[in-house]
Amino acid sequence: MATQEITPLPFDLSDLDRKILSMTDKEYIPHDWENIKEIISTNKLQDFTRYPSQLRLYLSWTSSIKQQYGSIQNFLCQTKLNWTPRPIGESGSTFAYRYPTPLADTEDYKILINDWPYGFDPGVTHIVVWSKTPIATDEETGDVTSESRRLIEEFVRKTFAERLGRSQDVLWFKNWTTLQSVRAVEHFHVLVRGAGEELLKQWTETEGR
């Protein structure tokens with residue numbers, strides 16, 4: 001499917017996106033674990049890409065969802081999260097939450113497998129943790145604050161690394177504000193290597209609400 005068939009495009013394409021779309025899946029080089037670690041450690045999150053075929057499908061899907069639901073946020077809230085946003089015009093966060101500290105109450109977050117993962121090597125699972133409670137970011141850089149980073153790292157350690165039994169096979173990142181496809185719903189990404197189906201099921205069915 002050519003991008004010209006999707007008009008208008010549901011989001012702006014970067015130069016890297018356009019380069020990926022000019023490739024075939026056979027030409028595409030997926031992100032291996034070492035490359036993933038490098039991208040996260042250097043905070044060059046814009047370097048994450050999808051397989052060309054998946055990016056084309058993602059463009060088409062995003063366009064369709066926006067037409068059907070009005071926004072990706074509406075789709076997520078209605079079909080994935082089952083969360084009800086505050087009424088439009090009401091001040092405060094997007095959602096009412098039980099506890100002001102992010103990730104402190106299971107009613108305030110939900111763990112889901114990413115339906116549109118980046119182009120990772122087989123065995124790497126792309127998970128998204130969605131939060132009703134706002135996660136503080138630096139106003140200038142859009143990156144998480146040091147306190148937010150501490151809270152997320154502690155959550156990832158207890159929830160994922162300890163239960164997997166291998167901290168070296170768990171990574172996390174939170175896209176800067178400008179890179180987020182769903183800005184109105186707080187979320188961050190967790191990448192787990194070598195997790196079995198039973199453990200993935202436990203994370204997504206018993207953690208968060």
# chains A, B, ... in the order shown; residues from 1 in each chain; ligands from 1
>>> residues_around(residues="range 38-52 of chain A", least_positions_apart="6", cutoff="7 Å", atoms="only C-alpha atoms", output="VMD selection string")
chain A and resid 20 to 21 23 to 25 28 118 to 119 173 175
>>> select_by_dssp(residues="range 99-205 of chain A", states="strand (DSSP E or B)", output="list in words")
Tyr109, Lys110, Ile111, Leu112, Ile113, Phe120, Val124, Thr125, His126, Ile127, Val128, Val129, Trp130, Ser131, Thr137, Val144, Val170, Leu171, Trp172, Phe173, Glu186, His187, Phe188, His189, Val190, Leu191, Val192 and Arg193 of chain A
>>> write_last_selection(atoms="C-alpha atoms", output="compact mmCIF listing (two decimals), in the first residue's frame")
# COMPACT_ATOMS: atom_id res chain seq x y z
CA TYR A 109 -2.88 1.97 35.59
CA LYS A 110 -3.24 -0.81 33.03
CA ILE A 111 -0.65 -3.00 31.30
CA LEU A 112 -1.25 -3.97 27.66
CA ILE A 113 0.73 -5.56 24.86
CA PHE A 120 12.28 -5.69 17.09
CA VAL A 124 11.23 -9.05 22.32
CA THR A 125 7.74 -8.15 23.58
CA HIS A 126 6.62 -4.52 23.43
CA ILE A 127 4.43 -3.64 26.42
CA VAL A 128 2.73 -0.33 27.22
CA VAL A 129 1.85 0.80 30.75
CA TRP A 130 -1.05 3.28 30.67
CA SER A 131 -1.58 5.59 33.65
CA THR A 137 7.95 15.69 32.63
CA VAL A 144 10.58 12.60 32.45
CA VAL A 170 13.94 -5.69 30.72
CA LEU A 171 14.17 -2.12 29.40
CA TRP A 172 11.81 0.84 29.52
CA PHE A 173 11.46 4.25 27.92
CA GLU A 186 -0.07 8.99 30.05
CA HIS A 187 2.00 5.95 29.13
CA PHE A 188 5.48 4.49 28.93
CA HIS A 189 6.96 1.50 27.14
CA VAL A 190 8.49 -1.67 28.58
CA LEU A 191 10.49 -4.08 26.44
CA VAL A 192 10.95 -7.63 27.72
CA ARG A 193 13.15 -10.26 26.12
>>> atom_distance(atom1="CA of Thr84 in chain A", atom2="CA of Lys132 in chain A")
10.1 Å
>>> closest_residue(among="A:Thr94, A:Ser71, A:Gln202, A:Thr79", to="Ile135 in chain A", atoms="only C-alpha atoms")
A:Thr94
>>> closest_residue(among="A:Trp203, A:Trp83, A:Tyr69, A:Trp61", to="Phe11 in chain A", atoms="only C-alpha atoms")
A:Trp61
>>> closest_residue(among="A:Ile36, A:Phe75, A:Ala104, A:Lys80", to="Glu154 in chain A", atoms="only C-alpha atoms")
A:Ala104
>>> closest_residue(among="A:Glu205, A:Asp169, A:Glu198, A:Asp17", to="Lys37 in chain A", atoms="only C-alpha atoms")
A:Asp169
>>> atom_distance(atom1="CA of Asn82 in chain A", atom2="CA of Leu9 in chain A")
27.4 Å
>>> decode(residues="range 49-130 of chain A", atoms="C-alpha atoms", output="PDB file, in the first residue's frame")
ATOM      1  CA  THR A  49      11.162   2.215  13.484  1.00  0.00           C
ATOM      2  CA  ARG A  50       8.659  -0.367  12.296  1.00  0.00           C
ATOM      3  CA  TYR A  51       8.876  -2.879   9.489  1.00  0.00           C
ATOM      4  CA  PRO A  52       7.840  -1.178   6.219  1.00  0.00           C
ATOM      5  CA  SER A  53       4.736  -3.353   5.896  1.00  0.00           C
ATOM      6  CA  GLN A  54       3.759  -2.638   9.509  1.00  0.00           C
ATOM      7  CA  LEU A  55       4.274   1.104   9.098  1.00  0.00           C
ATOM      8  CA  ARG A  56       2.000   1.114   6.043  1.00  0.00           C
ATOM      9  CA  LEU A  57      -0.633  -0.847   7.938  1.00  0.00           C
ATOM     10  CA  TYR A  58      -0.247   1.447  10.946  1.00  0.00           C
ATOM     11  CA  LEU A  59      -0.842   4.509   8.777  1.00  0.00           C
ATOM     12  CA  SER A  60      -3.955   2.945   7.293  1.00  0.00           C
ATOM     13  CA  TRP A  61      -5.212   1.749  10.682  1.00  0.00           C
ATOM     14  CA  THR A  62      -4.642   5.135  12.327  1.00  0.00           C
ATOM     15  CA  SER A  63      -6.508   6.910   9.547  1.00  0.00           C
ATOM     16  CA  SER A  64      -9.430   4.483   9.834  1.00  0.00           C
ATOM     17  CA  ILE A  65      -9.595   4.692  13.631  1.00  0.00           C
ATOM     18  CA  LYS A  66      -9.591   8.494  13.593  1.00  0.00           C
ATOM     19  CA  GLN A  67     -12.469   8.475  11.121  1.00  0.00           C
ATOM     20  CA  GLN A  68     -14.432   5.956  13.180  1.00  0.00           C
ATOM     21  CA  TYR A  69     -13.703   7.170  16.726  1.00  0.00           C
ATOM     22  CA  GLY A  70     -12.529  10.752  16.216  1.00  0.00           C
ATOM     23  CA  SER A  71      -9.160  10.122  17.851  1.00  0.00           C
ATOM     24  CA  ILE A  72      -6.814   7.366  18.984  1.00  0.00           C
ATOM     25  CA  GLN A  73      -7.541   8.419  22.568  1.00  0.00           C
ATOM     26  CA  ASN A  74     -11.252   7.742  22.107  1.00  0.00           C
ATOM     27  CA  PHE A  75     -10.500   4.320  20.627  1.00  0.00           C
ATOM     28  CA  LEU A  76      -8.199   3.396  23.501  1.00  0.00           C
ATOM     29  CA  CYS A  77     -10.570   4.572  26.200  1.00  0.00           C
ATOM     30  CA  GLN A  78     -13.583   2.827  24.685  1.00  0.00           C
ATOM     31  CA  THR A  79     -12.078  -0.476  23.527  1.00  0.00           C
ATOM     32  CA  LYS A  80      -8.817  -1.114  25.396  1.00  0.00           C
ATOM     33  CA  LEU A  81      -8.684   0.753  28.678  1.00  0.00           C
ATOM     34  CA  ASN A  82     -12.369   1.105  29.512  1.00  0.00           C
ATOM     35  CA  TRP A  83     -11.579   4.426  31.173  1.00  0.00           C
ATOM     36  CA  THR A  84     -13.907   7.419  31.067  1.00  0.00           C
ATOM     37  CA  PRO A  85     -12.180  10.788  30.577  1.00  0.00           C
ATOM     38  CA  ARG A  86     -13.258  13.823  32.536  1.00  0.00           C
ATOM     39  CA  PRO A  87     -15.867  15.964  30.747  1.00  0.00           C
ATOM     40  CA  ILE A  88     -14.447  18.353  28.150  1.00  0.00           C
ATOM     41  CA  GLY A  89     -13.716  21.712  29.738  1.00  0.00           C
ATOM     42  CA  GLU A  90     -13.212  20.305  33.220  1.00  0.00           C
ATOM     43  CA  SER A  91      -9.847  21.287  34.634  1.00  0.00           C
ATOM     44  CA  GLY A  92      -7.275  18.814  35.850  1.00  0.00           C
ATOM     45  CA  SER A  93      -5.918  15.568  34.462  1.00  0.00           C
ATOM     46  CA  THR A  94      -7.545  13.618  31.635  1.00  0.00           C
ATOM     47  CA  PHE A  95      -8.848  11.006  34.088  1.00  0.00           C
ATOM     48  CA  ALA A  96      -9.894  10.955  37.722  1.00  0.00           C
ATOM     49  CA  TYR A  97      -7.431   8.852  39.698  1.00  0.00           C
ATOM     50  CA  ARG A  98      -7.362   7.326  43.165  1.00  0.00           C
ATOM     51  CA  TYR A  99      -3.803   8.151  44.192  1.00  0.00           C
ATOM     52  CA  PRO A 100      -1.671  11.172  43.181  1.00  0.00           C
ATOM     53  CA  THR A 101       1.582   9.198  42.948  1.00  0.00           C
ATOM     54  CA  PRO A 102       1.876   7.440  39.560  1.00  0.00           C
ATOM     55  CA  LEU A 103       1.752   3.621  39.587  1.00  0.00           C
ATOM     56  CA  ALA A 104       0.994   3.449  43.318  1.00  0.00           C
ATOM     57  CA  ASP A 105      -2.563   2.105  42.967  1.00  0.00           C
ATOM     58  CA  THR A 106      -3.540  -0.750  40.637  1.00  0.00           C
ATOM     59  CA  GLU A 107      -6.801   1.050  39.837  1.00  0.00           C
ATOM     60  CA  ASP A 108      -4.804   3.864  38.266  1.00  0.00           C
ATOM     61  CA  TYR A 109      -2.876   1.973  35.588  1.00  0.00           C
ATOM     62  CA  LYS A 110      -3.236  -0.808  33.034  1.00  0.00           C
ATOM     63  CA  ILE A 111      -0.647  -3.002  31.299  1.00  0.00           C
ATOM     64  CA  LEU A 112      -1.255  -3.969  27.659  1.00  0.00           C
ATOM     65  CA  ILE A 113       0.729  -5.558  24.859  1.00  0.00           C
ATOM     66  CA  ASN A 114       1.408  -2.980  22.144  1.00  0.00           C
ATOM     67  CA  ASP A 115      -0.700  -3.796  19.078  1.00  0.00           C
ATOM     68  CA  TRP A 116       1.769  -1.886  16.895  1.00  0.00           C
ATOM     69  CA  PRO A 117       5.261  -2.718  18.188  1.00  0.00           C
ATOM     70  CA  TYR A 118       8.440  -1.364  16.721  1.00  0.00           C
ATOM     71  CA  GLY A 119      10.508  -3.606  14.481  1.00  0.00           C
ATOM     72  CA  PHE A 120      12.281  -5.690  17.093  1.00  0.00           C
ATOM     73  CA  ASP A 121      14.050  -9.031  16.875  1.00  0.00           C
ATOM     74  CA  PRO A 122      11.836 -12.062  17.619  1.00  0.00           C
ATOM     75  CA  GLY A 123      11.516 -12.714  21.341  1.00  0.00           C
ATOM     76  CA  VAL A 124      11.226  -9.048  22.324  1.00  0.00           C
ATOM     77  CA  THR A 125       7.745  -8.150  23.578  1.00  0.00           C
ATOM     78  CA  HIS A 126       6.623  -4.520  23.434  1.00  0.00           C
ATOM     79  CA  ILE A 127       4.428  -3.640  26.416  1.00  0.00           C
ATOM     80  CA  VAL A 128       2.730  -0.331  27.221  1.00  0.00           C
ATOM     81  CA  VAL A 129       1.849   0.800  30.748  1.00  0.00           C
ATOM     82  CA  TRP A 130      -1.049   3.278  30.674  1.00  0.00           C
TER      83      TRP A 130
END
